[in-house]
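Here the structure is laid out as structure tokens; the discussion comes afterwards.
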Amino acid sequence: MLADAIRAESFRLSKSRTTWFWSVFFVPIVSLVLGVIAAWFMQAKETEIMASATKLPPEAIAMFGKAPINMAESLTEAASKLDNPMLLAFMLIGAATLYAADYRWETWRLISARNGRTNLVIGKIAVTTLLAVVAMLIMLLSSVAETLVQAAIFKRGLVFQPTGAMFSHFLAFSGLSLLRIVQFTILGLLAATVTRSLLAALFVPLVVGVAQFFSPQLFGGMGMTPDHWVPALLNPAAATDALKAWAEGGPDAASLPAGMVMKAWICMALWTLLPAIGALTWFKRQDLSKE
């Protein structure tokens, strides 16, 4: 049963402290430390920084203001960055462990005798999704801690004044970030299934991600704008950004090319479903006696 597969994968994951540290806790800890160091540095160099204020982004200037920090606004901003490249990269450690460990330890033949192959694959995807949710929650807690430290360093007050728009944006950003993380890690599932290699599950998504990052320059040289069907469907990172701009509304949403939102949804659906279906199809035909 599917529930049994999810429980089994969850139990095995709960025993892997290394996976939990690198996939869930490492990035939030590093982000918090870097944020605190940056705040201390900016506070120490306040005179020099304010002297060149015209060259700085508005966010940096606002840190020196005396207005209270709205925690609700800070959380919403943090939610928009939950699929940052660093978190995506380290989430692959957990995903690769879940997707490829049974090939590495030659345990598939034991597990597959007790459950259906479809349930086993879906169970792994479900547990990876749960791991991503936990990583996102810890990342949000790290953001809250960083905001508290910044308020103390710059001697600013704290308020919590959410609005309906902030709440809807928070939910939209969180949901889209989770979709992006799941989409990215499912590439690892396909790589693990085809190659039976943990390293392939770890590095194939990274290579694909780097190639997609540079794809706008490549297609731009061919005369294709980002809203052209080909570049729009081949870059899920840009698709996620477009969907976030659409969800937020305002000038960024208005500046999106016509049809970009539809193309972005199609892009995310293709890059999420096709690797999953491909991995499941390959796995169901795989001879697990030759691990």
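Numbering starts fresh at 1 for the residues of each chain in the structure tokens, the chains themselves are lettered A, B, ... in the order given, and ligands are numbered from 1 as they appear.
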I'd like the neighbourhood of Phe213 (chain A) as a short mmCIF file (atom, residue, chain, number, x, y, z; two decimals) with all heavy atoms, in the first residue's frame, where a residue qualifies if any of its atoms comes within 9 Å (using only C-alpha atoms), though same-chain residues fewer than 5 positions away should be ignored.
data_model
loop_
_atom_site.label_atom_id
_atom_site.label_comp_id
_atom_site.auth_asym_id
_atom_site.auth_seq_id
_atom_site.Cartn_x
_atom_site.Cartn_y
_atom_site.Cartn_z
N VAL A 208 21.85 20.13 -15.25
CA VAL A 208 20.69 20.62 -15.99
C VAL A 208 20.32 22.03 -15.52
O VAL A 208 20.01 22.91 -16.33
CB VAL A 208 19.49 19.67 -15.81
CG1 VAL A 208 18.23 20.26 -16.43
CG2 VAL A 208 19.79 18.31 -16.46
N ASN A 235 12.98 26.41 -19.29
CA ASN A 235 13.59 27.06 -18.13
C ASN A 235 12.59 27.13 -16.97
O ASN A 235 11.90 28.14 -16.80
CB ASN A 235 14.08 28.46 -18.50
CG ASN A 235 15.02 29.04 -17.46
OD1 ASN A 235 15.04 28.62 -16.31
ND2 ASN A 235 15.83 30.01 -17.87
N ALA A 237 13.11 27.53 -13.84
CA ALA A 237 13.45 28.58 -12.88
C ALA A 237 12.81 29.91 -13.29
O ALA A 237 12.20 30.61 -12.47
CB ALA A 237 14.97 28.73 -12.76
N ALA A 238 12.95 30.25 -14.57
CA ALA A 238 12.32 31.48 -15.07
C ALA A 238 10.81 31.37 -15.02
O ALA A 238 10.12 32.36 -14.76
CB ALA A 238 12.79 31.75 -16.51
#
task: Using DSSP on the backbone coordinates, identify all residues within region 39-192 of chain A classified as strand (DSSP E or B); present the result as an NGL selection string.
output: :A and (69-70 or 158-159)
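Distance-wise, CA of Leu82 (chain A) and CA of Ala96 (chain A) end up 19.7 Å apart.
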Using only C-alpha atoms, determine which residues lie at most 10 Å from Ile69 (chain A), disregarding the query and same-chain residues fewer than 3 positions distant; provide the list as a CSV table (one decimal) with N, CA and C atoms, in the first residue's frame.
chain,number,residue,atom,x,y,z
A,62,ALA,N,16.9,51.1,3.7
A,62,ALA,CA,15.8,50.9,4.6
A,62,ALA,C,16.3,50.3,6.0
A,63,MET,N,17.3,49.6,5.9
A,63,MET,CA,17.8,48.9,7.1
A,63,MET,C,18.3,49.9,8.2
A,65,GLY,N,16.8,52.8,8.6
A,65,GLY,CA,15.7,53.7,9.1
A,65,GLY,C,15.3,53.4,10.5
A,66,LYS,N,14.4,54.2,11.0
A,66,LYS,CA,13.9,54.0,12.4
A,66,LYS,C,12.5,53.4,12.5
A,72,ALA,N,5.5,40.4,9.4
A,72,ALA,CA,4.6,39.8,8.3
A,72,ALA,C,5.2,40.1,6.9
A,73,GLU,N,5.6,41.3,6.7
A,73,GLU,CA,6.3,41.6,5.4
A,73,GLU,C,7.6,40.9,5.2
A,74,SER,N,8.3,40.8,6.3
A,74,SER,CA,9.6,40.1,6.2
A,74,SER,C,9.4,38.6,5.9
A,147,THR,N,15.8,38.5,11.2
A,147,THR,CA,15.1,39.8,11.3
A,147,THR,C,15.2,40.3,12.8
A,148,LEU,N,15.1,39.4,13.8
A,148,LEU,CA,15.2,39.8,15.2
A,148,LEU,C,16.6,40.4,15.5
A,150,GLN,N,18.7,41.7,13.3
A,150,GLN,CA,18.8,43.0,12.6
A,150,GLN,C,18.1,44.1,13.4
A,151,ALA,N,16.9,43.8,13.9
A,151,ALA,CA,16.2,44.8,14.7
A,151,ALA,C,17.0,45.2,15.9
A,156,ARG,N,15.8,49.0,15.9
A,156,ARG,CA,14.5,49.2,15.3
A,156,ARG,C,13.4,48.4,16.0
A,157,GLY,N,12.2,48.9,16.1
A,157,GLY,CA,11.1,48.1,16.7
A,157,GLY,C,10.6,47.0,15.8
A,158,LEU,N,9.7,46.2,16.4
A,158,LEU,CA,9.1,45.1,15.6
A,158,LEU,C,7.6,45.2,15.7
A,159,VAL,N,6.9,44.9,14.6
A,159,VAL,CA,5.5,44.9,14.6
A,159,VAL,C,5.1,43.7,13.8
A,160,PHE,N,3.9,43.2,14.0
A,160,PHE,CA,3.3,42.1,13.1
A,160,PHE,C,2.0,42.6,12.6
A,161,GLN,N,2.0,43.1,11.4
A,161,GLN,CA,0.8,43.7,10.8
A,161,GLN,C,0.5,43.1,9.4
message: So the first atom is CA of Thr97 (chain A) and the second is CA of Leu198 (chain A); what is the distance between them in Å, to one decimal place?
response: 6.9 Å
Long-range neighbours of Phe167 (chain A) as a ChimeraX atom specification, 10 Å cut-off, only C-alpha atoms, 4 positions minimum in chain: /A:72-73,75-76,162-163,171-173
For the selection just defined, write its residues with N, CA and C atoms to a file, as an mmCIF file, in the first residue's frame.
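Done, and the output landed in part.cif:
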data_model
loop_
_atom_site.group_PDB
_atom_site.id
_atom_site.type_symbol
_atom_site.label_atom_id
_atom_site.label_comp_id
_atom_site.auth_asym_id
_atom_site.auth_seq_id
_atom_site.Cartn_x
_atom_site.Cartn_y
_atom_site.Cartn_z
ATOM 1 N N ALA A 72 5.455 40.443 9.351
ATOM 2 C CA ALA A 72 4.627 39.812 8.324
ATOM 3 C C ALA A 72 5.197 40.078 6.929
ATOM 4 N N GLU A 73 5.648 41.300 6.719
ATOM 5 C CA GLU A 73 6.251 41.641 5.428
ATOM 6 C C GLU A 73 7.561 40.899 5.223
ATOM 7 N N LEU A 75 8.374 37.985 6.497
ATOM 8 C CA LEU A 75 8.073 36.583 6.225
ATOM 9 C C LEU A 75 7.632 36.380 4.781
ATOM 10 N N THR A 76 6.837 37.311 4.283
ATOM 11 C CA THR A 76 6.380 37.212 2.893
ATOM 12 C C THR A 76 7.561 37.303 1.933
ATOM 13 N N PRO A 162 -0.035 41.848 9.457
ATOM 14 C CA PRO A 162 -0.332 41.183 8.169
ATOM 15 C C PRO A 162 -1.556 41.788 7.502
ATOM 16 N N THR A 163 -1.571 41.709 6.199
ATOM 17 C CA THR A 163 -2.734 42.106 5.411
ATOM 18 C C THR A 163 -3.199 40.905 4.600
ATOM 19 N N LEU A 171 1.273 32.485 0.842
ATOM 20 C CA LEU A 171 0.837 31.154 0.426
ATOM 21 C C LEU A 171 1.262 30.853 -1.006
ATOM 22 N N ALA A 172 1.108 31.842 -1.897
ATOM 23 C CA ALA A 172 1.472 31.632 -3.301
ATOM 24 C C ALA A 172 2.972 31.408 -3.452
ATOM 25 N N PHE A 173 3.775 32.239 -2.796
ATOM 26 C CA PHE A 173 5.227 32.098 -2.880
ATOM 27 C C PHE A 173 5.676 30.755 -2.310
#
- line: Separating CA of Ser177 (chain A) from CA of Asn70 (chain A), to the nearest tenth of an Å, is a gap of 22.2 Å
task: For region 214-221 of chain A, list every protein, DNA or RNA residue within 12 Å, evaluated using only C-alpha atoms, and leave out those in the same chain fewer than 4 positions away; present the list as number ranges by chain.
output: A: 207-210, 225-238
A:Ser143, A:Gln183, A:Ser255, A:Gln212 ranked by distance to Trp271 (chain A), top pick (using only C-alpha atoms): A:Gln183
message: Please list as a VMD selection string every residue within 10 Å of Thr118 (chain A), counting only C-alpha atoms and excluding residues in the same chain fewer than 2 positions away.
response: chain A and resid 1 to 2 5 112 115 to 116 120 to 123 280 to 281 283 to 284
Those residues with C-alpha atoms, as a PDB file, in the first residue's frame please?
ATOM      1  CA  MET A   1       0.000   0.000   0.000  1.00  0.00           C
ATOM      2  CA  LEU A   2       1.028   3.589  -0.580  1.00  0.00           C
ATOM      3  CA  ALA A   5       5.597   2.887   1.462  1.00  0.00           C
ATOM      4  CA  SER A 112       9.776  -4.563  -3.968  1.00  0.00           C
ATOM      5  CA  ASN A 115       4.870  -3.542  -2.094  1.00  0.00           C
ATOM      6  CA  GLY A 116       4.031  -2.447  -5.617  1.00  0.00           C
ATOM      7  CA  LEU A 120       7.334   2.638  -3.805  1.00  0.00           C
ATOM      8  CA  VAL A 121       8.194   5.412  -6.260  1.00  0.00           C
ATOM      9  CA  ILE A 122       5.255   7.619  -5.240  1.00  0.00           C
ATOM     10  CA  GLY A 123       6.179   7.037  -1.596  1.00  0.00           C
ATOM     11  CA  LEU A 280       8.171   5.228 -12.953  1.00  0.00           C
ATOM     12  CA  THR A 281       7.941   3.656 -16.409  1.00  0.00           C
ATOM     13  CA  PHE A 283      11.476   1.388 -12.855  1.00  0.00           C
ATOM     14  CA  LYS A 284       8.478  -0.835 -13.560  1.00  0.00           C
TER      15      LYS A 284
END
message: Quick check for you: according to DSSP on this backbone, which residues of region 110-270 of chain A are classed as alpha helix (DSSP H)? Reply as a VMD selection string.
response: chain A and resid 110 to 111 117 to 153 164 to 195 198 to 221 229 to 233 236 to 248 250 to 254 260 to 270
Contact table region 120-232 of chain A vs region 12-17 of chain A, cut-off 12 Å, shortest pair per residue, only C-alpha atoms, as CSV:
residue,atom,partner,partner_atom,distance
A:Lys124,CA,A:Leu13,CA,10.2
A:Val127,CA,A:Leu13,CA,8.4
A:Thr128,CA,A:Leu13,CA,9.5
A:Leu130,CA,A:Leu13,CA,10.8
A:Leu131,CA,A:Leu13,CA,9.1
Let's have the selection written as a PDB file, in the first residue's frame, with N, CA, C and O atoms.
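Final output, saved to again_37.pdb:
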ATOM      1  N   LYS A 124       8.438   7.562  -2.279  1.00  0.00           N
ATOM      2  CA  LYS A 124       9.694   8.314  -2.224  1.00  0.00           C
ATOM      3  C   LYS A 124       9.473   9.783  -2.592  1.00  0.00           C
ATOM      4  O   LYS A 124      10.034  10.683  -1.958  1.00  0.00           O
ATOM      5  N   VAL A 127       7.739  11.529   0.397  1.00  0.00           N
ATOM      6  CA  VAL A 127       8.638  11.808   1.529  1.00  0.00           C
ATOM      7  C   VAL A 127       9.625  12.912   1.166  1.00  0.00           C
ATOM      8  O   VAL A 127       9.960  13.760   2.013  1.00  0.00           O
ATOM      9  N   THR A 128      10.087  12.939  -0.068  1.00  0.00           N
ATOM     10  CA  THR A 128      10.954  14.038  -0.502  1.00  0.00           C
ATOM     11  C   THR A 128      10.219  15.366  -0.421  1.00  0.00           C
ATOM     12  O   THR A 128      10.789  16.386  -0.017  1.00  0.00           O
ATOM     13  N   LEU A 130       7.772  16.072   1.673  1.00  0.00           N
ATOM     14  CA  LEU A 130       7.680  16.395   3.096  1.00  0.00           C
ATOM     15  C   LEU A 130       9.010  16.944   3.612  1.00  0.00           C
ATOM     16  O   LEU A 130       9.033  17.882   4.434  1.00  0.00           O
ATOM     17  N   LEU A 131      10.113  16.376   3.149  1.00  0.00           N
ATOM     18  CA  LEU A 131      11.426  16.881   3.543  1.00  0.00           C
ATOM     19  C   LEU A 131      11.609  18.319   3.075  1.00  0.00           C
ATOM     20  O   LEU A 131      12.158  19.165   3.804  1.00  0.00           O
TER      21      LEU A 131
END
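Take the candidates A:Met136, A:Leu199, A:Ala79, A:Ala145 and check each one against Met166 (chain A) using only C-alpha atoms; the shortest distance goes to A:Ala79.
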